[in-house]
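Undergrad: What follows is the file start-v5.txt, containing compact mmCIF, C-alpha atoms:
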# COMPACT_ATOMS: atom_id res chain seq x y z
CA MET C 23 -60.02 -49.68 3.99
CA THR C 24 -63.01 -52.05 3.75
CA GLU C 25 -65.90 -50.30 2.02
CA ARG C 26 -68.51 -53.02 2.55
CA LYS C 27 -68.85 -56.52 3.92
CA TYR C 28 -68.84 -59.58 1.68
CA LYS C 29 -70.04 -63.11 2.35
CA GLY C 30 -67.08 -64.79 0.66
CA TYR C 31 -63.85 -64.25 -1.25
CA LEU C 32 -62.32 -65.49 -4.48
CA LEU C 33 -58.53 -65.27 -4.32
CA ASP C 34 -55.97 -65.38 -7.10
CA LEU C 35 -52.65 -67.11 -6.30
CA ASP C 36 -49.74 -66.03 -8.54
CA GLY C 37 -48.83 -62.47 -7.62
CA THR C 38 -51.55 -62.27 -4.97
CA VAL C 39 -50.64 -64.96 -2.41
CA TYR C 40 -47.16 -65.84 -3.66
CA ARG C 41 -44.54 -64.99 -6.25
CA GLY C 42 -42.98 -68.18 -7.56
CA LYS C 43 -41.74 -70.04 -4.50
CA GLU C 44 -41.96 -67.04 -2.18
CA VAL C 45 -45.05 -66.28 -0.09
CA ILE C 46 -46.29 -62.69 0.06
CA PRO C 47 -46.28 -62.11 3.85
CA GLU C 48 -49.32 -59.81 3.88
CA ALA C 49 -51.32 -62.43 1.99
CA ALA C 50 -50.47 -65.09 4.55
CA SER C 51 -51.81 -62.84 7.31
CA PHE C 52 -54.94 -62.11 5.30
CA VAL C 53 -55.74 -65.79 4.74
CA ALA C 54 -55.24 -66.42 8.46
CA ALA C 55 -57.76 -63.64 9.14
CA LEU C 56 -60.27 -65.24 6.76
CA LYS C 57 -59.95 -68.53 8.61
CA GLU C 58 -60.29 -66.88 12.00
CA ALA C 59 -63.45 -65.10 10.86
CA GLY C 60 -64.91 -68.31 9.42
CA MET C 61 -65.24 -66.58 6.05
CA PRO C 62 -65.84 -68.83 2.99
CA TYR C 63 -63.14 -68.48 0.33
CA LEU C 64 -61.79 -70.24 -2.72
CA TYR C 65 -58.52 -69.89 -4.58
CA VAL C 66 -59.45 -69.38 -8.24
CA THR C 67 -56.32 -69.73 -10.28
CA ASN C 68 -55.27 -69.77 -13.91
CA ASN C 69 -52.44 -72.10 -12.84
CA SER C 70 -53.16 -75.24 -14.84
CA SER C 71 -49.93 -77.05 -13.99
CA LEU C 72 -50.75 -78.32 -10.50
CA THR C 73 -53.52 -80.44 -8.99
CA PRO C 74 -55.56 -79.07 -6.04
CA GLU C 75 -53.60 -81.37 -3.74
CA GLN C 76 -50.28 -80.03 -5.07
CA LEU C 77 -51.48 -76.44 -4.74
CA ALA C 78 -52.49 -77.09 -1.14
CA GLU C 79 -49.11 -78.64 -0.41
CA ARG C 80 -47.39 -75.63 -1.97
CA LEU C 81 -49.21 -73.23 0.33
CA GLN C 82 -48.61 -75.43 3.35
CA LYS C 83 -44.87 -75.31 2.67
CA MET C 84 -45.15 -71.52 2.66
CA GLY C 85 -46.80 -71.57 6.06
CA ILE C 86 -50.42 -71.18 4.91
CA LYS C 87 -52.92 -73.82 6.01
CA ALA C 88 -54.79 -75.17 2.99
CA SER C 89 -56.59 -78.24 1.70
CA ALA C 90 -57.55 -79.38 -1.80
CA GLU C 91 -61.17 -78.22 -1.54
CA HIS C 92 -59.98 -74.61 -1.29
CA PHE C 93 -58.84 -74.61 -4.94
CA PHE C 94 -60.53 -74.24 -8.31
CA SER C 95 -58.14 -74.16 -11.25
CA SER C 96 -58.43 -73.40 -14.96
CA SER C 97 -57.70 -77.10 -15.60
CA MET C 98 -60.78 -78.06 -13.62
CA ALA C 99 -62.80 -75.40 -15.43
CA VAL C 100 -61.69 -76.57 -18.89
CA ALA C 101 -62.66 -80.18 -18.08
CA GLU C 102 -66.13 -79.02 -17.04
CA THR C 103 -66.38 -76.89 -20.19
CA ILE C 104 -65.65 -79.88 -22.43
CA LYS C 105 -68.34 -81.82 -20.57
CA LYS C 106 -70.87 -79.10 -21.38
CA ILE C 107 -69.80 -79.01 -25.03
CA GLU C 108 -70.23 -82.77 -25.33
CA GLU C 109 -73.59 -82.73 -23.55
CA ASN C 110 -74.80 -80.03 -25.95
CA ASN C 111 -73.55 -82.08 -28.91
CA GLY C 112 -75.03 -85.32 -27.63
CA SER C 113 -71.59 -86.97 -27.53
CA LYS C 114 -70.94 -87.14 -23.79
CA GLY C 115 -67.69 -88.94 -22.95
CA ASN C 116 -66.75 -89.76 -26.56
CA GLY C 117 -64.06 -87.14 -27.19
CA THR C 118 -60.32 -87.62 -27.22
CA VAL C 119 -58.19 -84.72 -26.00
CA LEU C 120 -54.78 -83.71 -27.29
CA ALA C 121 -53.51 -81.94 -24.20
CA ILE C 122 -50.43 -79.77 -23.97
CA GLY C 123 -49.74 -79.05 -20.33
CA GLU C 124 -48.57 -80.48 -17.05
CA GLU C 125 -49.89 -82.74 -14.32
CA GLY C 126 -52.72 -80.47 -13.18
CA LEU C 127 -54.28 -80.43 -16.64
CA TYR C 128 -53.81 -84.13 -17.30
CA THR C 129 -55.29 -85.05 -13.91
CA ALA C 130 -58.36 -82.84 -14.32
CA LEU C 131 -59.09 -84.27 -17.78
CA ARG C 132 -58.57 -87.89 -16.70
CA GLU C 133 -60.76 -87.43 -13.62
CA ALA C 134 -63.47 -86.08 -15.92
CA GLY C 135 -63.22 -89.30 -17.96
CA TYR C 136 -61.37 -88.12 -21.05
CA HIS C 137 -58.81 -90.08 -23.06
CA ILE C 138 -55.64 -88.02 -23.55
CA VAL C 139 -53.52 -88.35 -26.68
CA ASP C 140 -50.29 -86.65 -27.73
CA LYS C 141 -50.69 -86.91 -31.50
CA ALA C 142 -53.31 -85.85 -34.02
CA PRO C 143 -56.12 -86.57 -34.70
CA ALA C 144 -58.23 -85.60 -31.67
CA SER C 145 -61.66 -84.23 -30.88
CA TYR C 146 -60.24 -81.44 -28.71
CA VAL C 147 -56.97 -79.61 -28.35
CA VAL C 148 -56.40 -78.11 -24.89
CA ILE C 149 -53.44 -75.88 -24.09
CA GLY C 150 -52.18 -75.28 -20.58
CA ILE C 151 -48.83 -73.99 -19.34
CA ASP C 152 -46.13 -76.42 -20.41
CA ARG C 153 -42.53 -75.75 -19.41
CA ALA C 154 -41.43 -78.58 -21.70
CA PHE C 155 -43.18 -77.05 -24.72
CA THR C 156 -41.66 -78.14 -28.03
CA TYR C 157 -42.11 -77.66 -31.75
CA GLU C 158 -43.37 -81.25 -31.98
CA LYS C 159 -46.17 -80.52 -29.51
CA MET C 160 -47.11 -77.38 -31.43
CA LYS C 161 -47.06 -79.36 -34.68
CA GLN C 162 -49.39 -82.07 -33.40
CA ALA C 163 -51.82 -79.51 -31.98
CA THR C 164 -51.80 -77.63 -35.27
CA LEU C 165 -52.47 -80.82 -37.26
CA ALA C 166 -55.35 -81.74 -34.94
CA ILE C 167 -56.97 -78.31 -35.22
CA TYR C 168 -56.66 -78.30 -39.00
CA GLY C 169 -58.26 -81.75 -38.81
CA GLY C 170 -61.31 -80.31 -37.07
CA ALA C 171 -60.45 -80.47 -33.35
CA TYR C 172 -62.18 -77.97 -31.04
CA PHE C 173 -59.49 -75.59 -29.73
CA LEU C 174 -59.49 -74.63 -26.03
CA SER C 175 -56.98 -72.94 -23.75
CA THR C 176 -56.92 -72.83 -19.97
CA ASN C 177 -56.08 -69.11 -19.91
CA CYS C 178 -54.63 -66.20 -21.85
CA ASP C 179 -52.00 -65.03 -19.32
CA ARG C 180 -49.26 -63.21 -21.24
CA ALA C 181 -46.79 -63.54 -18.36
CA VAL C 182 -46.77 -64.74 -14.76
CA PRO C 183 -44.87 -63.29 -11.80
CA THR C 184 -42.09 -65.39 -10.26
CA GLU C 185 -39.33 -64.77 -7.74
CA ILE C 186 -37.02 -63.78 -10.64
CA GLY C 187 -39.55 -61.60 -12.47
CA LEU C 188 -42.24 -61.97 -15.13
CA VAL C 189 -41.92 -65.05 -17.35
CA PRO C 190 -44.03 -66.24 -20.34
CA GLY C 191 -47.49 -67.48 -19.45
CA ASN C 192 -49.86 -69.90 -21.14
CA GLY C 193 -51.23 -67.15 -23.37
CA ALA C 194 -47.84 -66.93 -25.07
CA LEU C 195 -47.87 -70.67 -25.88
CA THR C 196 -51.48 -70.58 -27.02
CA ALA C 197 -50.76 -67.61 -29.29
CA SER C 198 -48.21 -69.61 -31.28
CA ILE C 199 -50.79 -72.29 -32.10
CA ALA C 200 -53.52 -69.73 -32.78
CA TYR C 201 -51.19 -68.00 -35.25
CA ALA C 202 -50.28 -71.27 -36.96
CA THR C 203 -53.90 -72.35 -37.34
CA LYS C 204 -55.62 -68.99 -37.85
CA LYS C 205 -58.02 -70.13 -35.11
CA GLU C 206 -58.77 -68.35 -31.87
CA PRO C 207 -59.21 -70.73 -28.93
CA HIS C 208 -62.07 -70.95 -26.50
CA TYR C 209 -60.44 -69.51 -23.37
CA VAL C 210 -61.83 -70.85 -20.10
CA GLY C 211 -59.83 -69.28 -17.27
CA LYS C 212 -59.76 -65.67 -16.15
CA PRO C 213 -60.73 -63.18 -17.57
CA GLU C 214 -63.61 -65.35 -18.79
CA GLU C 215 -66.82 -65.41 -16.80
CA ALA C 216 -67.17 -69.21 -16.82
CA ILE C 217 -64.49 -69.96 -14.22
CA ILE C 218 -65.88 -67.32 -11.85
CA SER C 219 -69.44 -68.60 -12.21
CA LEU C 220 -68.32 -72.15 -11.46
CA ALA C 221 -66.33 -70.96 -8.43
CA LEU C 222 -69.31 -69.02 -7.06
CA ASP C 223 -71.48 -72.12 -7.44
CA ARG C 224 -69.01 -74.03 -5.28
CA LEU C 225 -69.25 -71.41 -2.55
CA GLY C 226 -73.02 -71.11 -2.89
CA LEU C 227 -72.76 -67.36 -3.42
CA LYS C 228 -74.28 -64.85 -5.82
CA PRO C 229 -72.03 -62.46 -7.77
CA ASP C 230 -72.89 -59.48 -5.55
CA GLU C 231 -72.01 -61.41 -2.39
CA ALA C 232 -68.34 -62.06 -3.16
CA LEU C 233 -65.14 -60.08 -3.62
CA LEU C 234 -62.57 -61.22 -6.18
CA ILE C 235 -58.98 -60.37 -5.26
CA GLY C 236 -56.09 -60.45 -7.73
CA ASP C 237 -52.99 -58.73 -9.05
CA ASN C 238 -53.75 -58.67 -12.78
CA LEU C 239 -56.06 -56.16 -14.49
CA GLU C 240 -56.21 -58.19 -17.70
CA THR C 241 -57.30 -61.44 -16.05
CA ASP C 242 -58.47 -61.14 -12.43
CA ILE C 243 -60.12 -57.74 -12.55
CA ALA C 244 -61.52 -58.21 -16.07
CA ALA C 245 -63.05 -61.51 -14.91
CA GLY C 246 -64.80 -59.69 -12.09
CA GLU C 247 -66.16 -57.07 -14.47
CA LYS C 248 -67.52 -59.74 -16.83
CA SER C 249 -69.07 -61.67 -13.93
CA GLY C 250 -70.63 -58.81 -12.00
CA VAL C 251 -68.32 -59.43 -9.04
CA ASP C 252 -66.62 -56.61 -7.10
CA THR C 253 -62.84 -56.67 -7.30
CA LEU C 254 -59.78 -55.68 -5.30
CA LEU C 255 -56.53 -55.15 -7.19
CA VAL C 256 -53.40 -55.59 -5.08
CA TYR C 257 -50.11 -54.12 -6.27
CA THR C 258 -48.05 -57.19 -5.35
CA GLY C 259 -47.74 -58.79 -8.78
CA PHE C 260 -48.47 -58.01 -12.42
CA SER C 261 -50.43 -54.72 -12.57
CA GLN C 262 -49.49 -51.43 -10.92
CA ALA C 263 -51.16 -48.06 -10.32
CA GLU C 264 -49.97 -46.63 -13.63
CA ASP C 265 -51.60 -49.59 -15.42
CA VAL C 266 -54.95 -48.75 -13.81
CA GLU C 267 -54.67 -45.16 -15.02
CA ARG C 268 -54.13 -46.29 -18.62
CA SER C 269 -56.65 -49.13 -18.66
CA SER C 270 -60.38 -49.16 -19.39
CA ILE C 271 -60.62 -52.02 -16.88
CA LYS C 272 -61.18 -50.57 -13.41
CA PRO C 273 -61.12 -52.46 -10.10
CA THR C 274 -63.71 -51.67 -7.44
CA TYR C 275 -60.88 -51.19 -4.94
CA THR C 276 -57.09 -51.07 -4.95
CA ALA C 277 -54.50 -51.74 -2.25
CA GLN C 278 -50.74 -51.89 -1.95
CA ASN C 279 -51.15 -55.28 -0.26
CA LEU C 280 -53.79 -57.41 1.42
CA LEU C 281 -53.15 -56.09 4.91
CA GLU C 282 -54.89 -52.89 3.84
CA TRP C 283 -58.15 -54.83 3.51
CA LYS C 284 -60.05 -55.73 6.66
CA VAL C 285 -62.24 -58.83 6.59
Written as structure tokens, that's how I'd like the structure from this file.

TA:
Amino acid sequence: MTERKYKGYLLDLDGTVYRGKEVIPEAASFVAALKEAGMPYLYVTNNSSLTPEQLAERLQKMGIKASAEHFFSSSMAVAETIKKIEENNGSKGNGTVLAIGEEGLYTALREAGYHIVDKAPASYVVIGIDRAFTYEKMKQATLAIYGGAYFLSTNCDRAVPTEIGLVPGNGALTASIAYATKKEPHYVGKPEEAIISLALDRLGLKPDEALLIGDNLETDIAAGEKSGVDTLLVYTGFSQAEDVERSSIKPTYTAQNLLEWKV
């Protein structure tokens, strides 16, 4: 069903390549075809919980060859965003970060040179998916934001697909803190343009040279629209055909699964 040729691909993970711990078979075949064709690609994911090395290991266990350089996560994007904020403010490297999240977020922030704290006060509050989220964590984030901390979130995903169904995403956690503080965060991951622009820079491609593939209208496809990148929505995860009919967000292409798309 390929309508035109692209020079590279940006691939979502959750709901596009796998669901929870289960690989989507058609996606595995598609990635193998990309490799065989020598096509540049990058996994651009709102998953903030894992490091690139852990993400690569996860795919390898599912039978998909991968290495850390194939991944660009919302955790990596948020660390780069804080760097830009500090450079613009003339305070490069001086900020402390109250981070709510998991290893992927902590690693990205530490590698960028930031000191992570778990109690207010802080210069920044960053929210990523945290499956050990507690009232105490929400309280400390709220105190820090009321104390003047800059509020960021890795992504606004309402829910994420797993092998048992849709479960709460980082957007649900972030919303609780936004409600408590009456502050909207600076979202960095999809559907924001920033993460796509940074990913394209890594591939050395212009927006009109790449195709972004994902399963979620609200994040993946919206990110493509904001970034001027063509999109392919696959019906293997969050959004389905009836969602496209109701939505103002429209993908460039749709497919039941990735085997319908020829590289």

Undergrad: Would you give me, as a tab-separated table, each residue of segment 158-251 of chain C having an atom within 10 Å of an atom of segment 116-130 of chain C, along with its shortest atom pair and that distance in Å to one decimal, using all atoms listed in the file and sorting by chain and residue number?

TA:
residue	atom	partner	partner_atom	distance
C:Lys159	CA	C:Ile122	CA	7.0
C:Met160	CA	C:Ile122	CA	8.5
C:Gln162	CA	C:Leu120	CA	8.3
C:Ala163	CA	C:Leu120	CA	7.0
C:Ala166	CA	C:Leu120	CA	7.9
C:Ile167	CA	C:Leu120	CA	9.8
C:Ala171	CA	C:Val119	CA	8.8
C:Tyr172	CA	C:Val119	CA	9.3
C:Phe173	CA	C:Leu120	CA	9.7
C:Leu174	CA	C:Ala121	CA	9.6
C:Ser175	CA	C:Ile122	CA	9.5
C:Thr176	CA	C:Leu127	CA	8.7
C:Asn192	CA	C:Gly123	CA	9.2
C:Leu195	CA	C:Ile122	CA	9.6
C:Thr196	CA	C:Ile122	CA	9.7

Undergrad: Taking only C-alpha atoms into account, which of C:Asn68, C:Gln278, C:Gln82, C:Thr203 comes nearest Gly259 of chain C?

TA: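 For Gly259 of chain C, the nearest of the candidates is C:Gln278.
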
Undergrad: Can you report as JSON the centre and edge lengths in Å, to one decimal, of an axis-aligned box around the listed atoms of segment 259-268 of chain C padded with 3 Å on each side?

TA:
{"center_x": -51.3, "center_y": -52.0, "center_z": -13.7, "size_x": 13.2, "size_y": 19.6, "size_z": 15.8}

Undergrad: Do you know which residues are at most 9 Å from Ala49 of chain C counting all atoms listed in the file, after dropping those on the same chain fewer than 4 positions away, and could you put them as a list of chain:residue names?

TA: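 Here the answer would be C:Thr38, C:Val39, C:Tyr40, C:Val45, C:Val53, C:Ala54, C:Asn279, C:Leu280, C:Leu281.
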
Undergrad: Between atom CA of Ala90 of chain C and atom CA of Ala78 of chain C, what is the distance, to one decimal in Å?

TA: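 Value for the atom CA of Ala90 of chain C-atom CA of Ala78 of chain C distance: 5.6 Å.
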
Undergrad: Could you work out how far atom CA of Pro229 of chain C lies from atom CA of Gly250 of chain C, giving the answer in Å with one decimal?

TA: 5.8 Å

Undergrad: Work out how far atom CA of Glu79 of chain C is from atom CA of Arg132 of chain C, in Å to one decimal.

TA: 21.0 Å

Undergrad: Which residues are close to segment 91-95 of chain C, i.e. within 10 Å by all atoms listed in the file, leaving aside same-chain residues fewer than 2 positions away? Reply as a PyMOL selection string.

TA: chain C and resi 32-35+62-75+77-78+88-89+97-100+126-127+130+176+211-212+217-218+220-221+224-225

Undergrad: Counting all atoms listed in the file, figure out which residue out of C:Ile149, C:Ala154, C:Pro183, C:Gly246 gets nearest to Ser198 of chain C.

TA: C:Ile149
